[in-house]
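See below for work03.cif, which holds mmCIF, C-alpha atoms.
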```
data_entry
#
loop_
_atom_site.label_atom_id
_atom_site.label_comp_id
_atom_site.auth_asym_id
_atom_site.auth_seq_id
_atom_site.Cartn_x
_atom_site.Cartn_y
_atom_site.Cartn_z
CA MET V 1 -23.46 20.14 28.45
CA MET V 2 -25.91 18.90 31.05
CA PRO V 3 -25.68 20.59 34.45
CA THR V 4 -25.39 18.57 37.64
CA VAL V 5 -28.93 18.07 38.93
CA LEU V 6 -30.64 16.49 41.91
CA MET V 7 -32.43 13.44 40.54
CA GLN V 8 -34.53 10.65 42.00
CA GLY V 9 -33.90 7.00 41.12
CA ASN V 10 -37.35 6.56 39.57
CA GLU V 11 -36.80 9.75 37.58
CA ALA V 12 -33.45 8.45 36.32
CA VAL V 13 -35.22 5.34 35.01
CA VAL V 14 -37.59 7.50 32.96
CA GLU V 15 -34.75 9.64 31.61
CA GLY V 16 -32.79 6.54 30.65
CA ALA V 17 -35.82 4.90 29.03
CA ILE V 18 -36.60 7.95 26.91
CA ASP V 19 -32.96 8.30 25.85
CA ALA V 20 -33.02 4.59 24.92
CA GLY V 21 -36.00 5.23 22.63
CA LEU V 22 -39.04 4.48 24.80
CA LYS V 23 -42.21 5.27 22.85
CA PHE V 24 -44.92 3.44 24.79
CA TYR V 25 -45.70 3.04 28.47
CA ALA V 26 -48.68 1.19 29.94
CA GLY V 27 -49.06 0.76 33.66
CA TYR V 28 -51.08 1.08 36.81
CA PRO V 29 -50.01 3.22 39.79
CA ILE V 30 -48.47 1.32 42.69
CA THR V 31 -46.13 2.46 45.45
CA PRO V 32 -43.14 2.81 45.30
CA SER V 33 -42.98 2.90 41.48
CA THR V 34 -45.68 5.49 40.79
CA GLU V 35 -43.27 8.32 39.95
CA ILE V 36 -42.20 6.35 36.88
CA ALA V 37 -45.76 6.32 35.54
CA GLU V 38 -46.30 9.98 36.42
CA LEU V 39 -43.12 11.11 34.68
CA CYS V 40 -43.79 8.96 31.60
CA ALA V 41 -47.25 10.54 31.35
CA GLU V 42 -45.61 13.96 31.50
CA LYS V 43 -42.60 13.42 29.24
CA LEU V 44 -43.55 10.86 26.57
CA PRO V 45 -45.84 13.18 24.55
CA PHE V 46 -42.88 15.51 23.99
CA VAL V 47 -40.91 12.74 22.22
CA GLY V 48 -43.81 11.38 20.18
CA GLY V 49 -44.57 8.63 22.66
CA LYS V 50 -47.78 7.33 24.20
CA PHE V 51 -48.78 6.80 27.84
CA ILE V 52 -51.84 4.84 28.89
CA GLN V 53 -53.04 3.94 32.37
CA MET V 54 -54.62 0.51 32.17
CA GLU V 55 -57.25 -1.00 34.43
CA ASP V 56 -54.77 -3.35 36.10
CA GLU V 57 -51.29 -4.85 35.86
CA ILE V 58 -52.40 -7.78 33.71
CA ALA V 59 -53.74 -5.44 31.04
CA SER V 60 -50.68 -3.20 31.40
CA MET V 61 -48.33 -6.04 30.50
CA ALA V 62 -50.58 -7.10 27.62
CA ALA V 63 -50.60 -3.56 26.22
CA VAL V 64 -46.80 -3.38 26.41
CA ILE V 65 -46.54 -6.65 24.47
CA GLY V 66 -48.92 -5.35 21.80
CA ALA V 67 -47.03 -2.08 21.44
CA SER V 68 -43.71 -3.89 21.11
CA LEU V 69 -45.14 -6.07 18.33
CA THR V 70 -45.84 -2.91 16.34
CA GLY V 71 -42.15 -2.00 16.56
CA LEU V 72 -42.19 0.40 19.52
CA LYS V 73 -39.84 0.23 22.46
CA ALA V 74 -42.19 -0.40 25.38
CA MET V 75 -41.97 -0.41 29.17
CA THR V 76 -44.06 -0.81 32.29
CA ALA V 77 -43.28 -0.35 35.98
CA THR V 78 -44.74 -1.89 39.11
CA SER V 79 -44.01 -3.32 42.53
CA GLY V 80 -44.74 -6.45 44.59
CA PRO V 81 -48.38 -7.44 43.98
CA GLY V 82 -48.43 -5.87 40.52
CA PHE V 83 -45.28 -7.76 39.54
CA SER V 84 -47.03 -11.00 40.51
CA LEU V 85 -49.97 -10.13 38.26
CA LYS V 86 -47.70 -9.52 35.29
CA GLN V 87 -46.08 -12.96 35.41
CA GLU V 88 -48.34 -14.83 32.98
CA ASN V 89 -47.83 -12.22 30.27
CA ILE V 90 -44.11 -12.03 31.01
CA GLY V 91 -44.05 -15.74 30.21
CA PHE V 92 -45.92 -15.07 26.97
CA ALA V 93 -43.35 -12.41 26.03
CA ALA V 94 -40.51 -14.83 26.80
CA MET V 95 -42.05 -17.62 24.68
CA ALA V 96 -43.09 -15.35 21.81
CA GLU V 97 -39.76 -13.47 22.06
CA ILE V 98 -41.21 -9.99 22.36
CA PRO V 99 -38.82 -7.26 23.60
CA CYS V 100 -40.04 -5.27 26.60
CA VAL V 101 -38.75 -3.77 29.84
CA ILE V 102 -40.44 -4.32 33.21
CA VAL V 103 -39.35 -2.17 36.16
CA ASP V 104 -40.00 -3.72 39.58
CA VAL V 105 -39.38 -1.26 42.42
CA GLN V 106 -39.42 -3.80 45.22
CA ARG V 107 -41.27 -3.27 48.47
CA MET V 108 -41.84 -5.32 51.60
CA GLY V 109 -44.01 -8.41 51.13
CA PRO V 110 -45.50 -10.95 50.82
CA SER V 111 -48.95 -9.91 49.57
CA THR V 112 -49.71 -6.23 50.18
CA GLY V 113 -46.96 -6.17 52.80
CA MET V 114 -45.65 -2.72 53.64
CA PRO V 115 -46.20 -0.56 50.55
CA THR V 116 -43.68 2.21 51.30
CA SER V 117 -41.00 0.07 52.94
CA PRO V 118 -37.89 -1.30 51.21
CA ALA V 119 -37.12 -4.93 50.51
CA GLN V 120 -35.33 -7.15 48.01
CA GLY V 121 -37.71 -10.08 48.13
CA ASP V 122 -38.39 -10.45 44.39
CA VAL V 123 -35.03 -11.96 43.41
CA MET V 124 -36.41 -15.44 42.81
CA GLN V 125 -39.73 -14.21 41.41
CA SER V 126 -37.86 -12.15 38.83
CA ARG V 127 -36.19 -15.34 37.62
CA TRP V 128 -38.85 -17.98 38.12
CA GLY V 129 -42.08 -16.00 38.55
CA THR V 130 -43.63 -17.29 35.36
CA HIS V 131 -43.99 -21.01 34.75
CA GLY V 132 -41.83 -23.30 32.65
CA ASP V 133 -38.21 -23.06 31.53
CA HIS V 134 -37.84 -19.60 30.08
CA PRO V 135 -35.11 -17.05 29.37
CA ILE V 136 -34.93 -13.81 31.33
CA ILE V 137 -32.47 -11.00 32.01
CA VAL V 138 -32.61 -9.18 35.35
CA LEU V 139 -30.56 -6.06 36.11
CA SER V 140 -30.22 -4.25 39.45
CA PRO V 141 -28.70 -0.76 39.89
CA SER V 142 -27.37 0.60 43.18
CA SER V 143 -27.33 4.35 42.53
CA VAL V 144 -29.38 7.00 40.78
CA LYS V 145 -26.80 7.51 38.05
CA GLU V 146 -26.53 3.79 37.50
CA ALA V 147 -30.34 3.52 37.31
CA TYR V 148 -30.16 5.77 34.25
CA TYR V 149 -27.41 3.76 32.56
CA ILE V 150 -28.81 0.33 33.44
CA THR V 151 -32.23 1.31 32.07
CA ILE V 152 -30.61 2.04 28.71
CA GLN V 153 -28.86 -1.33 28.84
CA ALA V 154 -32.15 -3.02 29.72
CA PHE V 155 -33.65 -1.72 26.47
CA ASN V 156 -30.52 -2.62 24.49
CA LEU V 157 -30.48 -6.19 25.78
CA SER V 158 -34.23 -6.61 25.35
CA GLU V 159 -34.08 -5.53 21.72
CA LYS V 160 -30.91 -7.46 20.95
CA TYR V 161 -32.07 -10.77 22.41
CA ARG V 162 -35.85 -10.42 21.92
CA THR V 163 -36.62 -11.05 25.56
CA PRO V 164 -38.29 -9.38 28.53
CA VAL V 165 -35.72 -7.60 30.69
CA ILE V 166 -36.54 -6.86 34.31
CA LEU V 167 -35.05 -3.82 36.03
CA LEU V 168 -35.00 -4.98 39.65
CA MET V 169 -34.90 -1.79 41.69
CA ASP V 170 -35.70 -1.45 45.37
CA GLU V 171 -37.56 1.30 47.21
CA VAL V 172 -34.35 2.85 48.50
CA ILE V 173 -32.88 3.36 45.02
CA GLY V 174 -36.26 4.29 43.56
CA HIS V 175 -36.79 7.15 46.01
CA LEU V 176 -33.16 8.10 46.64
CA ARG V 177 -32.11 11.54 45.37
CA GLU V 178 -28.52 12.13 44.32
CA ALA V 179 -26.60 14.81 42.47
CA VAL V 180 -25.90 13.41 39.00
CA ASN V 181 -24.40 14.57 35.74
CA LEU V 182 -25.30 12.30 32.85
CA ASP V 183 -22.85 13.80 30.35
CA GLU V 184 -20.56 10.79 30.73
CA TYR V 185 -23.27 8.66 29.12
CA LYS V 186 -23.93 10.91 26.11
CA ASP V 187 -22.06 8.51 23.80
CA VAL V 188 -23.68 5.31 25.08
CA GLU V 189 -24.73 3.12 22.16
CA ILE V 190 -28.46 2.67 21.63
CA PHE V 191 -29.36 -0.66 20.01
CA GLU V 192 -32.13 -0.43 17.43
CA ARG V 193 -34.25 -3.40 16.45
CA PRO V 194 -33.05 -4.79 13.09
CA MET V 195 -35.59 -4.87 10.28
CA PRO V 196 -35.89 -8.09 8.24
CA GLN V 197 -35.90 -7.67 4.47
CA ASP V 198 -37.36 -10.84 2.93
CA LYS V 199 -41.15 -10.67 3.31
CA GLU V 200 -41.83 -13.82 1.28
CA ASN V 201 -39.60 -16.15 3.29
CA TYR V 202 -39.71 -14.45 6.69
CA LEU V 203 -39.24 -16.79 9.66
CA PRO V 204 -39.70 -14.90 12.95
CA TYR V 205 -38.43 -17.86 14.99
CA GLN V 206 -35.70 -19.06 12.69
CA PHE V 207 -33.00 -21.18 14.25
CA ILE V 208 -29.93 -19.06 13.49
CA GLU V 209 -26.43 -19.07 14.96
CA ASN V 210 -26.87 -16.53 17.75
CA GLY V 211 -30.44 -17.66 18.41
CA VAL V 212 -32.15 -14.36 17.64
CA ALA V 213 -34.02 -13.76 14.38
CA PRO V 214 -35.12 -10.18 13.61
CA LEU V 215 -38.68 -9.29 14.65
CA ALA V 216 -40.81 -7.61 11.98
CA PRO V 217 -43.31 -5.00 13.23
CA PHE V 218 -47.00 -5.58 12.63
CA GLY V 219 -48.38 -3.59 9.73
CA LYS V 220 -45.27 -3.70 7.53
CA GLY V 221 -46.34 -6.52 5.24
CA PHE V 222 -44.74 -9.47 7.05
CA ARG V 223 -47.16 -12.32 7.67
CA PHE V 224 -46.45 -14.37 10.77
CA HIS V 225 -48.15 -15.90 13.78
CA VAL V 226 -47.55 -15.01 17.44
CA THR V 227 -48.49 -17.49 20.15
CA GLY V 228 -47.56 -18.65 23.62
CA LEU V 229 -47.90 -22.23 22.42
CA ALA V 230 -44.87 -24.22 21.36
CA HIS V 231 -44.30 -23.23 17.76
CA ASN V 232 -42.20 -23.81 14.67
CA GLU V 233 -40.00 -21.28 12.89
CA LYS V 234 -43.04 -19.64 11.27
CA GLY V 235 -44.71 -19.20 14.66
CA LEU V 236 -47.37 -21.82 14.00
CA PRO V 237 -48.35 -24.05 16.98
CA THR V 238 -46.85 -27.52 17.11
CA ASN V 239 -46.98 -30.68 19.22
CA ASP V 240 -43.86 -32.11 17.62
CA PRO V 241 -41.48 -33.06 20.47
CA LYS V 242 -38.38 -32.51 18.34
CA VAL V 243 -39.45 -29.03 17.25
CA THR V 244 -40.41 -28.12 20.82
CA GLU V 245 -37.13 -29.31 22.29
CA LYS V 246 -35.21 -27.36 19.67
CA LEU V 247 -37.27 -24.25 20.47
CA VAL V 248 -36.69 -24.40 24.23
CA LYS V 249 -32.97 -25.05 23.77
CA ARG V 250 -32.74 -22.02 21.50
CA LEU V 251 -34.69 -19.83 23.93
CA MET V 252 -32.41 -20.74 26.81
CA GLY V 253 -29.28 -20.74 24.66
CA LYS V 254 -29.68 -17.21 23.33
CA ILE V 255 -29.12 -15.95 26.89
CA GLU V 256 -26.68 -18.57 28.15
CA ASN V 257 -24.48 -18.42 25.06
CA ASN V 258 -24.27 -14.63 25.16
CA LYS V 259 -23.49 -14.16 28.86
CA LYS V 260 -20.26 -12.30 28.12
CA ASP V 261 -22.31 -9.60 26.45
CA ILE V 262 -25.08 -9.62 29.05
CA LEU V 263 -23.23 -9.85 32.37
CA MET V 264 -22.39 -6.74 34.34
CA PHE V 265 -20.84 -6.64 37.81
CA GLU V 266 -18.61 -4.57 40.06
CA GLU V 267 -15.59 -5.70 42.06
CA LYS V 268 -13.89 -3.85 44.91
CA ASP V 269 -10.72 -5.13 46.57
CA THR V 270 -11.25 -8.69 45.34
CA GLU V 271 -7.54 -9.53 45.17
CA GLY V 272 -7.98 -11.62 48.31
CA GLY V 273 -8.38 -11.40 52.08
CA ASP V 274 -10.50 -12.44 55.02
CA ILE V 275 -14.05 -11.65 53.87
CA LEU V 276 -15.88 -11.35 50.57
CA LEU V 277 -19.18 -9.49 50.73
CA ILE V 278 -21.74 -10.21 48.01
CA SER V 279 -24.65 -7.82 47.68
CA PHE V 280 -26.73 -5.84 45.18
CA GLY V 281 -28.92 -2.77 44.94
CA SER V 282 -29.10 -0.49 47.97
CA SER V 283 -27.71 -3.19 50.29
CA ALA V 284 -24.41 -3.00 48.42
CA ARG V 285 -24.12 0.65 49.40
CA ALA V 286 -24.29 -0.30 53.08
CA CYS V 287 -21.68 -2.98 52.41
CA GLU V 288 -19.26 -0.43 50.98
CA ALA V 289 -19.48 1.66 54.15
CA ALA V 290 -19.14 -1.46 56.30
CA MET V 291 -15.98 -2.40 54.40
CA GLU V 292 -14.29 0.82 55.48
CA GLU V 293 -15.10 0.16 59.13
CA LEU V 294 -13.86 -3.43 58.97
CA LYS V 295 -10.63 -2.32 57.30
CA LYS V 296 -9.95 0.00 60.25
CA GLU V 297 -9.86 -3.10 62.42
CA GLY V 298 -7.39 -4.86 60.15
CA ILE V 299 -9.88 -7.13 58.41
CA LYS V 300 -9.26 -7.48 54.68
CA VAL V 301 -12.60 -7.18 52.90
CA GLY V 302 -13.68 -7.35 49.27
CA LEU V 303 -17.03 -6.71 47.59
CA PHE V 304 -18.62 -8.44 44.62
CA ARG V 305 -21.77 -6.73 43.35
CA PRO V 306 -23.73 -8.45 40.58
CA ILE V 307 -25.51 -5.87 38.44
CA THR V 308 -26.85 -8.63 36.21
CA ILE V 309 -28.67 -10.76 38.77
CA TRP V 310 -29.95 -13.26 36.20
CA PRO V 311 -28.17 -14.85 34.53
CA PHE V 312 -25.94 -14.80 37.60
CA PRO V 313 -22.23 -14.14 36.91
CA ASP V 314 -21.24 -17.56 38.26
CA GLU V 315 -17.93 -17.90 36.43
CA LYS V 316 -16.68 -14.61 37.85
CA LEU V 317 -17.69 -15.62 41.36
CA ARG V 318 -15.87 -18.96 40.97
CA GLU V 319 -12.78 -16.97 40.05
CA ILE V 320 -13.03 -14.65 43.07
CA TYR V 321 -14.28 -16.60 46.07
CA PRO V 322 -11.25 -18.94 46.54
CA ARG V 323 -9.19 -15.85 47.42
CA PHE V 324 -11.19 -15.31 50.62
CA LYS V 325 -11.66 -17.22 53.88
CA LYS V 326 -15.35 -16.42 54.29
CA VAL V 327 -18.21 -15.19 52.13
CA PHE V 328 -21.16 -13.16 53.43
CA VAL V 329 -24.26 -12.55 51.28
CA VAL V 330 -26.06 -9.36 52.35
CA GLU V 331 -29.64 -8.78 51.17
CA MET V 332 -33.03 -7.46 52.34
CA ASN V 333 -34.83 -10.80 52.29
CA THR V 334 -34.49 -14.17 54.01
CA GLY V 335 -31.69 -15.34 51.71
CA GLN V 336 -32.76 -15.54 48.06
CA LEU V 337 -29.47 -14.61 46.40
CA TYR V 338 -27.66 -16.61 49.09
CA TYR V 339 -29.04 -19.86 47.67
CA GLU V 340 -27.54 -19.13 44.27
CA VAL V 341 -24.19 -18.16 45.79
CA ASP V 342 -24.15 -21.27 47.99
CA ARG V 343 -24.97 -23.43 44.96
CA ILE V 344 -22.00 -22.01 43.08
CA ILE V 345 -19.50 -22.28 45.93
CA LYS V 346 -20.70 -25.79 46.85
CA GLY V 347 -19.16 -25.90 50.32
CA ASN V 348 -15.65 -25.04 49.15
CA THR V 349 -15.69 -21.84 51.22
CA TYR V 350 -17.76 -20.92 54.26
CA VAL V 351 -20.84 -18.94 53.19
CA GLU V 352 -23.09 -17.07 55.61
CA LYS V 353 -26.12 -14.89 55.00
CA ILE V 354 -26.81 -11.51 56.54
CA ASN V 355 -30.48 -10.68 56.13
CA LYS V 356 -32.98 -8.02 57.04
CA PHE V 357 -36.68 -8.28 56.24
CA ASN V 358 -38.56 -5.91 58.53
CA GLY V 359 -39.15 -3.04 56.12
CA GLU V 360 -35.98 -1.16 57.08
CA PHE V 361 -32.79 -0.91 55.06
CA PHE V 362 -29.37 -1.99 56.28
CA THR V 363 -27.06 0.25 58.24
CA PRO V 364 -23.31 -0.39 57.85
CA PHE V 365 -23.11 -0.91 61.62
CA GLU V 366 -25.48 -3.87 61.44
CA ILE V 367 -23.35 -5.58 58.81
CA VAL V 368 -20.16 -4.96 60.79
CA GLU V 369 -21.70 -6.37 63.97
CA LYS V 370 -22.95 -9.52 62.22
CA ILE V 371 -19.49 -10.18 60.79
CA LYS V 372 -17.80 -9.58 64.15
CA GLU V 373 -20.26 -11.95 65.79
CA SER V 374 -19.39 -14.62 63.25
CA PHE V 375 -15.69 -14.19 63.99
CA LYS V 376 -16.30 -14.40 67.77
CA ASN V 377 -18.09 -17.70 67.26
CA GLY V 378 -14.97 -18.99 65.55
CA ILE V 379 -16.70 -19.71 62.28
#
```

Whole structure given in structure tokens:
Amino acid sequence: MMPTVLMQGNEAVVEGAIDAGLKFYAGYPITPSTEIAELCAEKLPFVGGKFIQMEDEIASMAAVIGASLTGLKAMTATSGPGFSLKQENIGFAAMAEIPCVIVDVQRMGPSTGMPTSPAQGDVMQSRWGTHGDHPIIVLSPSSVKEAYYITIQAFNLSEKYRTPVILLMDEVIGHLREAVNLDEYKDVEIFERPMPQDKENYLPYQFIENGVAPLAPFGKGFRFHVTGLAHNEKGLPTNDPKVTEKLVKRLMGKIENNKKDILMFEEKDTEGGDILLISFGSSARACEAAMEELKKEGIKVGLFRPITIWPFPDEKLREIYPRFKKVFVVEMNTGQLYYEVDRIIKGNTYVEKINKFNGEFFTPFEIVEKIKESFKNGI
């Protein structure tokens, strides 16, 4: 039995990663993610893992890719500017279908911004930061305990679908300390990378029904080619338009066709009412407190919190939003998730954004006041 302990969000990520089977970490210190690197350096040697501090974020992502190709579960962590530097190699991992987990503990930007201040400005970069049409999974926890569980799921999904998975934290959750007991997760399934058997006819990019062929580790006698170029089922570069189109469709399809397995979200009081709040990460915590205050004034409020940010749980939102008169999207940026919500609702219900982007996190009072102001204006 594990005792209840006081744990930081960044610490919970490391605990979850190690329990998921993390064996390799490469990174470069950057606020507010540095505790993840520090704790990996401390803890990985005790589980037979390796930690290496690279010269920069580009090399860190490259090292993670290399480690994953040898069969190890690999992770890196960063923030703002470092996340930008990783994007080219994230695209390589997406194209070459190399499992890896990237933790982005968001801070105020753009550029160097405000290193120790919270923000949620990497929503769109997490989806479209690297060039071209590519698959990606992005998960965002809103508590310390959930950071532990979602980190395990990040590794599971990465291994299962051979794709980079981004854990989109924010500074508030990364540095928050909460009393947690992780015993409830002791039976959580850990997905292990399947090992192909046929060395002679191995096709690492085979077009199979669920879109994911098993990845053989380097050094085990499987001969195959890894490239960021468009490639055939053997991994060899190609300029054949038909082969390329089939490849991109498979890459996108392996995520889109498995959304039921990938999507995670939370609903509170979504049976219907006056207002539906949509938020994620630490902002969702402020929304929950704001809900209680609004209910005291007779306003019926529900909350929809996507845990899987990308792919966005659009079908679930289409099911929920018609039950409410108004929708408010609450986030610490100028409206990045709002654009996706507005695209889904398509003018069928009034959608308004509540934003904060000054390096401070939301208070419930601010959310309540913005909603009251909207009502006063007769919107």

Result set, the PyMOL selection byres ((chain V and resi 168-171) around 7) on current file, as a PDB file with C-alpha atoms, keeping the file's coordinate frame:
```pdb
ATOM      1  CA  PRO V  32     -43.140   2.810  45.300  1.00  0.00           C
ATOM      2  CA  VAL V 103     -39.350  -2.170  36.160  1.00  0.00           C
ATOM      3  CA  ASP V 104     -40.000  -3.720  39.580  1.00  0.00           C
ATOM      4  CA  VAL V 105     -39.380  -1.260  42.420  1.00  0.00           C
ATOM      5  CA  GLN V 106     -39.420  -3.800  45.220  1.00  0.00           C
ATOM      6  CA  ARG V 107     -41.270  -3.270  48.470  1.00  0.00           C
ATOM      7  CA  SER V 117     -41.000   0.070  52.940  1.00  0.00           C
ATOM      8  CA  PRO V 118     -37.890  -1.300  51.210  1.00  0.00           C
ATOM      9  CA  ALA V 119     -37.120  -4.930  50.510  1.00  0.00           C
ATOM     10  CA  GLN V 120     -35.330  -7.150  48.010  1.00  0.00           C
ATOM     11  CA  VAL V 138     -32.610  -9.180  35.350  1.00  0.00           C
ATOM     12  CA  LEU V 139     -30.560  -6.060  36.110  1.00  0.00           C
ATOM     13  CA  SER V 140     -30.220  -4.250  39.450  1.00  0.00           C
ATOM     14  CA  PRO V 141     -28.700  -0.760  39.890  1.00  0.00           C
ATOM     15  CA  ILE V 166     -36.540  -6.860  34.310  1.00  0.00           C
ATOM     16  CA  LEU V 167     -35.050  -3.820  36.030  1.00  0.00           C
ATOM     17  CA  VAL V 172     -34.350   2.850  48.500  1.00  0.00           C
ATOM     18  CA  ILE V 173     -32.880   3.360  45.020  1.00  0.00           C
ATOM     19  CA  GLY V 174     -36.260   4.290  43.560  1.00  0.00           C
ATOM     20  CA  HIS V 175     -36.790   7.150  46.010  1.00  0.00           C
ATOM     21  CA  GLY V 281     -28.920  -2.770  44.940  1.00  0.00           C
TER      22      GLY V 281
END
```

Write out as a Markdown table the residues of stretch 224-293 of chain V that have any atom within 6 Å of an atom of stretch 354-377 of chain V, one row each with the nearest atom pair and its distance in Å to one decimal, counting all atoms listed in the file, sorted by chain and then rising number.
```
| residue | atom | partner | partner_atom | distance |
| --- | --- | --- | --- | --- |
| V:Ala286 | CA | V:Pro364 | CA | 4.9 |
| V:Ala289 | CA | V:Pro364 | CA | 5.7 |
| V:Ala290 | CA | V:Pro364 | CA | 4.6 |
```

Identify which of the residues V:Met264, V:Ala63, V:Lys145, V:Leu6 lies closest to V:Asp183, counting only C-alpha atoms when measuring atom-to-atom distances.
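The shortest atom-to-atom distance to V:Asp183 comes from V:Lys145.
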
So which one's closest to V:Phe222, V:Thr70, V:Ser126, V:Thr151, V:Thr334? Using all atoms listed in the file, please.
V:Thr70

As AutoDock Vina command-line options, please report the centre and edge lengths, rounded to one decimal in Å, of the axis-aligned box that holds all listed atoms of stretch 280-292 of chain V with 8 Å of padding on each of the six sides.
```
--center_x -21.7 --center_y -2.1 --center_z 50.6 --size_x 30.8 --size_y 23.5 --size_z 27.4
```

As a PyMOL selection string, please: the residues near V:Leu22 (cut-off 9 Å, only C-alpha atoms, same-chain neighbours under 4 positions excluded).
chain V and resi 14+16-18+44+47+49+72-75+155
